[in-house]
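**Student:** For reference, this is my_file.tsv, and it has TSV, C-alpha atoms and all ligand atoms.
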chain	number	residue	atom	x	y	z
A	1	MET	CA	39.66	8.66	-13.32
A	2	THR	CA	36.23	7.35	-12.31
A	3	ASP	CA	36.75	3.63	-13.01
A	4	GLN	CA	37.97	2.13	-9.74
A	5	THR	CA	37.18	-1.53	-10.46
A	6	LEU	CA	40.72	-2.53	-9.44
A	7	SER	CA	40.81	-0.45	-6.28
A	8	GLY	CA	42.82	-2.23	-3.58
A	9	ARG	CA	44.35	-4.63	-6.12
A	10	THR	CA	48.00	-5.09	-6.98
A	11	ALA	CA	49.35	-5.95	-10.42
A	12	ILE	CA	52.65	-6.90	-11.99
A	13	VAL	CA	53.22	-5.80	-15.59
A	14	THR	CA	56.26	-7.18	-17.40
A	15	GLY	CA	57.70	-5.11	-20.22
A	16	ALA	CA	56.11	-2.09	-18.55
A	17	GLY	CA	58.70	0.46	-19.64
A	18	ARG	CA	57.24	1.25	-23.06
A	19	GLY	CA	54.68	0.32	-25.69
A	20	ILE	CA	51.71	-1.86	-24.78
A	21	GLY	CA	53.12	-2.67	-21.31
A	22	ARG	CA	53.40	1.00	-20.35
A	23	VAL	CA	49.81	1.64	-21.44
A	24	ALA	CA	48.62	-1.48	-19.60
A	25	ALA	CA	50.34	-0.36	-16.40
A	26	LEU	CA	48.77	3.12	-16.63
A	27	ALA	CA	45.32	1.65	-17.36
A	28	LEU	CA	45.56	-0.64	-14.33
A	29	ALA	CA	46.67	2.29	-12.17
A	30	GLY	CA	43.86	4.42	-13.60
A	31	ALA	CA	41.42	1.72	-12.47
A	32	GLY	CA	42.81	1.86	-8.95
A	33	ALA	CA	45.59	-0.77	-8.84
A	34	ASP	CA	49.09	-0.40	-7.45
A	35	VAL	CA	51.57	-1.66	-10.02
A	36	ALA	CA	54.95	-3.40	-10.01
A	37	LEU	CA	56.82	-2.52	-13.18
A	38	ALA	CA	59.30	-5.01	-14.62
A	39	SER	CA	61.68	-5.08	-17.59
A	40	ARG	CA	65.43	-4.79	-18.11
A	41	SER	CA	65.49	-0.99	-18.62
A	42	LYS	CA	65.39	0.68	-15.20
A	43	ASP	CA	65.30	4.22	-16.62
A	44	GLN	CA	62.16	3.45	-18.65
A	45	LEU	CA	60.49	1.82	-15.64
A	46	GLU	CA	61.26	4.85	-13.48
A	47	ARG	CA	59.59	7.16	-16.00
A	48	VAL	CA	56.45	4.99	-16.03
A	49	ALA	CA	56.53	4.81	-12.21
A	50	GLY	CA	56.27	8.61	-12.17
A	51	GLU	CA	53.23	8.41	-14.45
A	52	VAL	CA	51.60	5.77	-12.20
A	53	GLU	CA	52.21	7.96	-9.15
A	54	ASP	CA	50.70	10.93	-10.98
A	55	LEU	CA	47.50	8.83	-11.15
A	56	GLY	CA	47.58	8.54	-7.35
A	57	ARG	CA	48.73	4.91	-7.19
A	58	ARG	CA	51.87	3.26	-5.84
A	59	ALA	CA	54.49	1.98	-8.27
A	60	LEU	CA	57.33	-0.44	-7.59
A	61	VAL	CA	60.24	-0.56	-10.03
A	62	VAL	CA	61.78	-4.02	-10.22
A	63	PRO	CA	64.36	-4.37	-13.02
A	64	THR	CA	63.87	-7.93	-14.23
A	65	ASP	CA	64.98	-10.16	-17.09
A	66	VAL	CA	61.96	-12.46	-17.51
A	67	THR	CA	64.15	-15.28	-18.80
A	68	ASP	CA	65.95	-15.43	-15.43
A	69	ARG	CA	64.14	-17.69	-12.95
A	70	GLU	CA	65.63	-16.13	-9.82
A	71	ALA	CA	64.94	-12.60	-11.03
A	72	VAL	CA	61.30	-13.46	-11.77
A	73	GLU	CA	60.83	-15.12	-8.37
A	74	ARG	CA	62.37	-12.03	-6.77
A	75	LEU	CA	59.93	-9.83	-8.72
A	76	VAL	CA	56.92	-11.67	-7.30
A	77	ALA	CA	58.33	-11.74	-3.74
A	78	ARG	CA	59.22	-8.03	-3.81
A	79	THR	CA	55.74	-7.15	-5.13
A	80	VAL	CA	53.93	-9.11	-2.43
A	81	GLU	CA	56.18	-7.62	0.24
A	82	GLY	CA	56.43	-4.07	-1.13
A	83	LEU	CA	52.86	-3.53	-2.33
A	84	GLY	CA	51.16	-5.84	0.18
A	85	GLY	CA	49.77	-8.48	-2.17
A	86	LEU	CA	49.31	-9.67	-5.72
A	87	ASN	CA	46.10	-10.02	-7.73
A	88	VAL	CA	47.01	-9.57	-11.39
A	89	LEU	CA	49.94	-10.62	-13.57
A	90	VAL	CA	50.24	-9.16	-17.07
A	91	ASN	CA	52.78	-11.17	-19.07
A	92	ASN	CA	53.60	-8.56	-21.69
A	93	SER	CA	57.40	-8.77	-22.18
A	94	GLY	CA	58.12	-9.93	-25.68
A	95	THR	CA	60.53	-9.82	-28.54
A	96	ILE	CA	60.49	-10.55	-32.26
A	97	ASP	CA	62.89	-11.82	-34.91
A	98	SER	CA	62.29	-11.28	-38.61
A	99	THR	CA	64.81	-13.67	-40.16
A	100	PRO	CA	63.82	-16.37	-42.70
A	101	LEU	CA	64.39	-19.76	-41.10
A	102	LEU	CA	67.36	-20.88	-43.22
A	103	GLU	CA	69.20	-17.63	-42.50
A	104	GLN	CA	68.42	-17.70	-38.80
A	105	ASP	CA	70.84	-18.94	-36.14
A	106	PRO	CA	69.34	-21.24	-33.53
A	107	GLU	CA	70.35	-18.59	-30.96
A	108	GLN	CA	67.89	-16.16	-32.58
A	109	TRP	CA	65.12	-18.74	-32.28
A	110	ASP	CA	66.07	-19.37	-28.65
A	111	ARG	CA	66.02	-15.64	-27.80
A	112	VAL	CA	62.42	-15.36	-29.02
A	113	PHE	CA	61.28	-18.51	-27.22
A	114	ASP	CA	63.19	-17.65	-24.04
A	115	THR	CA	61.53	-14.23	-23.80
A	116	ASN	CA	58.03	-14.98	-25.09
A	117	VAL	CA	57.48	-18.52	-23.78
A	118	ARG	CA	59.95	-19.15	-20.94
A	119	GLY	CA	59.37	-15.61	-19.61
A	120	THR	CA	55.60	-16.09	-19.59
A	121	TYR	CA	55.97	-19.53	-18.02
A	122	LEU	CA	58.36	-18.40	-15.28
A	123	ALA	CA	56.27	-15.38	-14.27
A	124	THR	CA	53.02	-17.37	-14.36
A	125	ARG	CA	54.62	-20.09	-12.23
A	126	ALA	CA	56.00	-17.66	-9.65
A	127	ALA	CA	52.87	-15.48	-9.44
A	128	GLY	CA	50.54	-18.48	-9.68
A	129	ALA	CA	51.89	-19.96	-6.45
A	130	HIS	CA	50.62	-16.85	-4.68
A	131	LEU	CA	47.32	-16.53	-6.61
A	132	VAL	CA	46.36	-20.20	-6.21
A	133	ALA	CA	47.17	-20.10	-2.48
A	134	GLN	CA	44.94	-17.05	-1.94
A	135	GLY	CA	42.15	-18.51	-4.08
A	136	SER	CA	41.82	-15.63	-6.55
A	137	GLY	CA	43.70	-13.85	-9.29
A	138	LYS	CA	44.10	-12.99	-12.94
A	139	VAL	CA	46.81	-13.79	-15.46
A	140	VAL	CA	46.72	-11.79	-18.69
A	141	ASN	CA	49.07	-13.04	-21.39
A	142	ILE	CA	49.90	-10.76	-24.31
A	143	ALA	CA	50.01	-13.12	-27.30
A	144	SER	CA	49.62	-11.95	-30.94
A	145	ASN	CA	47.34	-12.58	-33.88
A	146	PHE	CA	50.48	-14.08	-35.46
A	147	ALA	CA	49.73	-17.09	-33.22
A	148	PHE	CA	47.06	-18.00	-35.77
A	149	LYS	CA	48.88	-17.12	-38.98
A	150	GLY	CA	51.79	-18.24	-41.11
A	151	VAL	CA	54.02	-15.21	-41.62
A	152	PRO	CA	57.20	-15.64	-43.70
A	153	GLY	CA	60.32	-14.72	-41.72
A	154	HIS	CA	58.52	-15.04	-38.42
A	155	ALA	CA	58.53	-18.77	-37.61
A	156	ALA	CA	59.94	-18.29	-34.11
A	157	TYR	CA	57.63	-15.41	-33.22
A	158	CYS	CA	54.47	-17.09	-34.59
A	159	ALA	CA	55.27	-20.43	-32.92
A	160	SER	CA	56.15	-18.71	-29.63
A	161	LYS	CA	52.84	-16.82	-29.55
A	162	ALA	CA	50.92	-20.00	-30.47
A	163	ALA	CA	52.64	-21.56	-27.45
A	164	VAL	CA	51.41	-18.66	-25.30
A	165	VAL	CA	47.82	-19.23	-26.50
A	166	SER	CA	48.09	-22.95	-25.75
A	167	PHE	CA	49.70	-22.31	-22.33
A	168	THR	CA	46.84	-19.91	-21.56
A	169	ARG	CA	44.28	-22.66	-22.15
A	170	THR	CA	45.99	-25.27	-20.00
A	171	MET	CA	46.68	-22.93	-17.09
A	172	ALA	CA	43.07	-21.72	-17.26
A	173	VAL	CA	41.78	-25.26	-16.84
A	174	GLU	CA	44.38	-26.14	-14.20
A	175	TRP	CA	43.65	-23.08	-12.06
A	176	ALA	CA	39.91	-22.55	-12.64
A	177	PRO	CA	39.06	-24.56	-9.48
A	178	HIS	CA	41.25	-22.08	-7.56
A	179	ASN	CA	39.35	-19.07	-8.94
A	180	VAL	CA	42.36	-17.90	-10.95
A	181	GLN	CA	41.41	-16.81	-14.48
A	182	VAL	CA	44.03	-17.03	-17.24
A	183	ASN	CA	43.25	-15.29	-20.53
A	184	ALA	CA	45.18	-13.77	-23.41
A	185	LEU	CA	45.03	-10.75	-25.67
A	186	ALA	CA	46.19	-11.15	-29.27
A	187	PRO	CA	46.92	-7.75	-30.77
A	188	GLY	CA	47.51	-7.18	-34.46
A	189	TYR	CA	49.91	-4.49	-35.71
A	190	VAL	CA	50.30	-1.91	-32.95
A	191	SER	CA	52.49	1.13	-33.27
A	192	THR	CA	55.41	0.45	-30.88
A	193	ASP	CA	59.19	-0.03	-30.88
A	194	LEU	CA	58.62	-3.71	-31.71
A	195	ASN	CA	57.82	-2.83	-35.31
A	196	ALA	CA	59.78	0.44	-35.57
A	197	GLU	CA	61.63	-0.91	-38.63
A	198	LEU	CA	58.33	-1.50	-40.41
A	199	ARG	CA	57.04	1.94	-39.53
A	200	ASP	CA	60.21	3.53	-40.92
A	201	ASP	CA	59.76	1.72	-44.27
A	202	GLU	CA	56.79	3.29	-46.03
A	203	GLU	CA	56.62	0.70	-48.81
A	204	ALA	CA	56.78	-2.28	-46.43
A	205	GLN	CA	54.22	-0.64	-44.18
A	206	SER	CA	51.67	0.00	-46.92
A	207	LYS	CA	52.11	-3.63	-48.10
A	208	VAL	CA	51.46	-4.90	-44.59
A	209	LEU	CA	48.47	-2.59	-44.07
A	210	ARG	CA	46.80	-3.99	-47.19
A	211	SER	CA	46.26	-7.14	-45.08
A	212	VAL	CA	44.53	-5.11	-42.33
A	213	PRO	CA	40.89	-4.30	-43.14
A	214	ALA	CA	41.07	-1.19	-40.92
A	215	ARG	CA	44.03	-0.04	-43.11
A	216	ARG	CA	45.99	1.27	-40.13
A	217	MET	CA	48.04	0.13	-37.19
A	218	GLY	CA	46.48	0.10	-33.75
A	219	GLU	CA	47.66	2.42	-31.02
A	220	PRO	CA	48.90	0.95	-27.72
A	221	GLU	CA	46.05	2.79	-25.95
A	222	GLU	CA	43.56	0.68	-27.94
A	223	MET	CA	44.81	-2.41	-26.05
A	224	ALA	CA	44.09	-0.92	-22.61
A	225	PRO	CA	40.33	-1.68	-22.35
A	226	TRP	CA	40.94	-5.34	-23.13
A	227	VAL	CA	43.71	-5.67	-20.57
A	228	LEU	CA	41.38	-4.10	-17.99
A	229	LEU	CA	38.57	-6.47	-18.93
A	230	LEU	CA	40.84	-9.49	-18.51
A	231	ALA	CA	42.36	-8.12	-15.28
A	232	GLY	CA	39.08	-7.22	-13.60
A	233	PRO	CA	35.75	-8.67	-12.47
A	234	ALA	CA	34.26	-8.58	-16.01
A	235	SER	CA	36.22	-11.79	-16.73
A	236	ASP	CA	35.38	-13.69	-13.53
A	237	PHE	CA	33.47	-16.35	-15.54
A	238	MET	CA	35.81	-16.26	-18.53
A	239	THR	CA	39.00	-18.26	-18.68
A	240	GLY	CA	41.27	-19.85	-21.29
A	241	GLU	CA	40.20	-17.38	-23.98
A	242	THR	CA	42.26	-15.27	-26.36
A	243	ILE	CA	40.76	-11.98	-27.52
A	244	VAL	CA	41.97	-10.85	-30.94
A	245	VAL	CA	42.18	-7.05	-31.41
A	246	ASP	CA	43.68	-6.49	-34.84
A	247	GLY	CA	41.61	-4.19	-37.06
A	248	GLY	CA	39.95	-7.19	-38.69
A	249	GLN	CA	43.11	-8.90	-39.93
A	250	ALA	CA	42.29	-12.32	-38.47
A	251	ALA	CA	38.73	-12.16	-39.81
A	252	ARG	CA	39.82	-12.18	-43.46
B	1	LIG	N1	53.43	-4.06	-31.41
B	1	LIG	C1	52.78	-5.00	-32.03
B	1	LIG	O1	52.44	-4.88	-33.22
B	1	LIG	C2	52.40	-6.26	-31.29
B	1	LIG	C3	51.48	-7.12	-31.90
B	1	LIG	C4	51.11	-8.29	-31.25
B	1	LIG	C5	51.66	-8.59	-30.02
B	1	LIG	N2	52.56	-7.75	-29.44
B	1	LIG	C6	53.13	-8.14	-28.15
B	1	LIG	O2	52.94	-7.11	-27.22
B	1	LIG	C7	53.95	-7.20	-26.21
B	1	LIG	C8	54.54	-5.83	-25.99
B	1	LIG	O3	55.23	-5.44	-27.15
B	1	LIG	P1	55.32	-3.93	-27.67
B	1	LIG	O4	54.74	-3.91	-29.02
B	1	LIG	O5	54.85	-3.00	-26.63
B	1	LIG	O6	56.92	-3.83	-27.88
B	1	LIG	P2	58.06	-3.00	-27.17
B	1	LIG	O7	57.71	-1.56	-27.13
B	1	LIG	O8	59.32	-3.41	-27.85
B	1	LIG	O9	58.04	-3.56	-25.68
B	1	LIG	C9	58.55	-4.81	-25.34
B	1	LIG	C10	58.76	-4.83	-23.83
B	1	LIG	O10	59.24	-6.13	-23.46
B	1	LIG	C11	60.38	-5.96	-22.62
B	1	LIG	N3	61.28	-7.11	-22.71
B	1	LIG	C12	61.86	-7.63	-23.81
B	1	LIG	N4	62.68	-8.65	-23.46
B	1	LIG	C13	62.61	-8.75	-22.10
B	1	LIG	C14	63.25	-9.57	-21.14
B	1	LIG	N5	64.12	-10.53	-21.49
B	1	LIG	N6	62.94	-9.38	-19.83
B	1	LIG	C15	62.07	-8.42	-19.46
B	1	LIG	N7	61.43	-7.62	-20.32
B	1	LIG	C16	61.72	-7.77	-21.63
B	1	LIG	C17	61.03	-4.68	-23.13
B	1	LIG	O11	61.85	-4.08	-22.13
B	1	LIG	P3	63.45	-4.24	-22.04
B	1	LIG	O12	63.97	-4.43	-23.43
B	1	LIG	O13	63.86	-2.97	-21.40
B	1	LIG	O14	63.69	-5.42	-21.16
B	1	LIG	C18	59.81	-3.82	-23.40
B	1	LIG	O15	59.40	-3.18	-22.22
B	1	LIG	C19	54.94	-8.26	-26.69
B	1	LIG	O16	54.69	-9.49	-26.06
B	1	LIG	C20	54.63	-8.35	-28.17
B	1	LIG	O17	55.00	-9.61	-28.72
B	1	LIG	C21	52.94	-6.58	-30.05
Write the structure described by the file as structure tokens, please.
**Tutor:**
Amino acid sequence: MTDQTLSGRTAIVTGAGRGIGRVAALALAGAGADVALASRSKDQLERVAGEVEDLGRRALVVPTDVTDREAVERLVARTVEGLGGLNVLVNNSGTIDSTPLLEQDPEQWDRVFDTNVRGTYLATRAAGAHLVAQGSGKVVNIASNFAFKGVPGHAAYCASKAAVVSFTRTMAVEWAPHNVQVNALAPGYVSTDLNAELRDDEEAQSKVLRSVPARRMGEPEEMAPWVLLLAGPASDFMTGETIVVDGGQAAR
């Protein structure tokens, strides 16, 4: 790897065991960062840690449920102690529910909001205390282009990602004087476990892809350059923004 723009930096990636989070962690490591890997699945994190180490960087595996305040605070403390600092937080952990509202239990709604909104809030709060105190840092929130759309059966997911976009704006303004940039990435359909059901259903998939001008799903690797941009010096004068990367879906 020749890009070393994050050399000497330390990042936390939540949901780093698979999908977009795994690719984000490897991209950050490829650009020179040491990475703390968090999610609930230790075995997945350990596999990704091996891949980070293969890139010549240090990896710290910290099994974490992002909805648990103490666990998230422990994640930040262990990162600062174990990797010697913290510069970047990627709030990537997320979950979806595809139940029409009148068939959905409130517990299903809460699970989506707890993971996508409370998880992002808790990690931003815990990491932010460190970033603000040191007078520099980056928070990269993984939202979704569903934040800007009405999608039947996805009220909780859409509203939760709209909350992430709004939270991004406020934290950007609140922390800009402290030189902490807070931005978001809003992917469209990306081929991961999150939409495995859709990928297994050819008819449903071709219906969905008719709404995507590129007529295909994105690959997790196609998110990596945008995470790097928002995690590195290219975004030093950019804050509160959400970059949509969705094969043209939002442009229709
Ligand atoms: N794929 C898409 O089409 C798409 C589109 C737009 C936005 N996104 C967003 O991209 C992000 C990554 O999703 P993905 O597509 O890569 O899906 P994925 O492969 O299912 O990954 C989701 C990650 O979040 C973690 N996670 C879920 N609940 C958690 C919790 N309570 N605590 C800690 N970690 C938790 C999962 O790990 P554990 O289950 O092991 O904890 C997993 O590592 C999400 O925020 C998602 O909303 C995805």
**Student:** Taking only C-alpha atoms and all ligand atoms into account, which residues are within 7 Å of ligand LIG 1 (chain B), as number ranges by chain?
**Tutor:** A: 14-21, 38-41, 64-67, 92-96, 115-116, 142-145, 186-195
**Student:** Report, in Å with one decimal, the straight-line distance from CA of Pro106 in chain A to CA of Ala156 in chain A.
**Tutor:**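 Computed distance, CA of Pro106 in chain A to CA of Ala156 in chain A, equals 9.9 Å.
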**Student:** Considering only C-alpha atoms, state which residue in the set A:Glu202, A:Asp246, A:Glu241, A:Glu107 is at the smallest distance from Phe146 in chain A.
**Tutor:**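 Using only C-alpha atoms, Phe146 in chain A sits closest to A:Asp246.
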**Student:** Name the closest residue to Gln181 in chain A among the candidates A:Gly247, A:Gly32, A:Gly135, A:Gly84; distances are taken between atoms, counting all atoms listed in the file.
**Tutor:** A:Gly135
**Student:** Work out how far CA of Asp97 in chain A is from CA of Arg111 in chain A, in Å to one decimal.
**Tutor:**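 Separation of CA of Arg111 in chain A and CA of Asp97 in chain A: 8.7 Å.
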**Student:** What gap, in Å, lies between CA of Ala59 in chain A and CA of Leu37 in chain A?
**Tutor:**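 About the pair CA of Ala59 in chain A and CA of Leu37 in chain A: they are 7.1 Å apart.
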**Student:** May I have the protein, DNA and RNA residues with an atom at most 7 Å from (59.1, -4.1, -4.3), counting all atoms listed in the file in the file's coordinates, returned as a compact mmCIF listing (two decimals) with C-alpha atoms, in the frame of the given file?
**Tutor:**
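Contents of part-v1.txt, freshly written:
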# COMPACT_ATOMS: atom_id res chain seq x y z
CA LEU A 60 57.33 -0.44 -7.59
CA VAL A 61 60.24 -0.56 -10.03
CA VAL A 62 61.78 -4.02 -10.22
CA ARG A 78 59.22 -8.03 -3.81
CA THR A 79 55.74 -7.15 -5.13
CA GLU A 81 56.18 -7.62 0.24
CA GLY A 82 56.43 -4.07 -1.13
CA LEU A 83 52.86 -3.53 -2.33
**Student:** Kindly indicate which residue among A:Leu55, A:Ala27, A:Ala196, A:Leu89 lies nearest to Thr10 in chain A, using only C-alpha atoms for the distances.
**Tutor:**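 Checking each of A:Leu55, A:Ala27, A:Ala196, A:Leu89 against Thr10 in chain A, counting only C-alpha atoms, the winner is A:Leu89.
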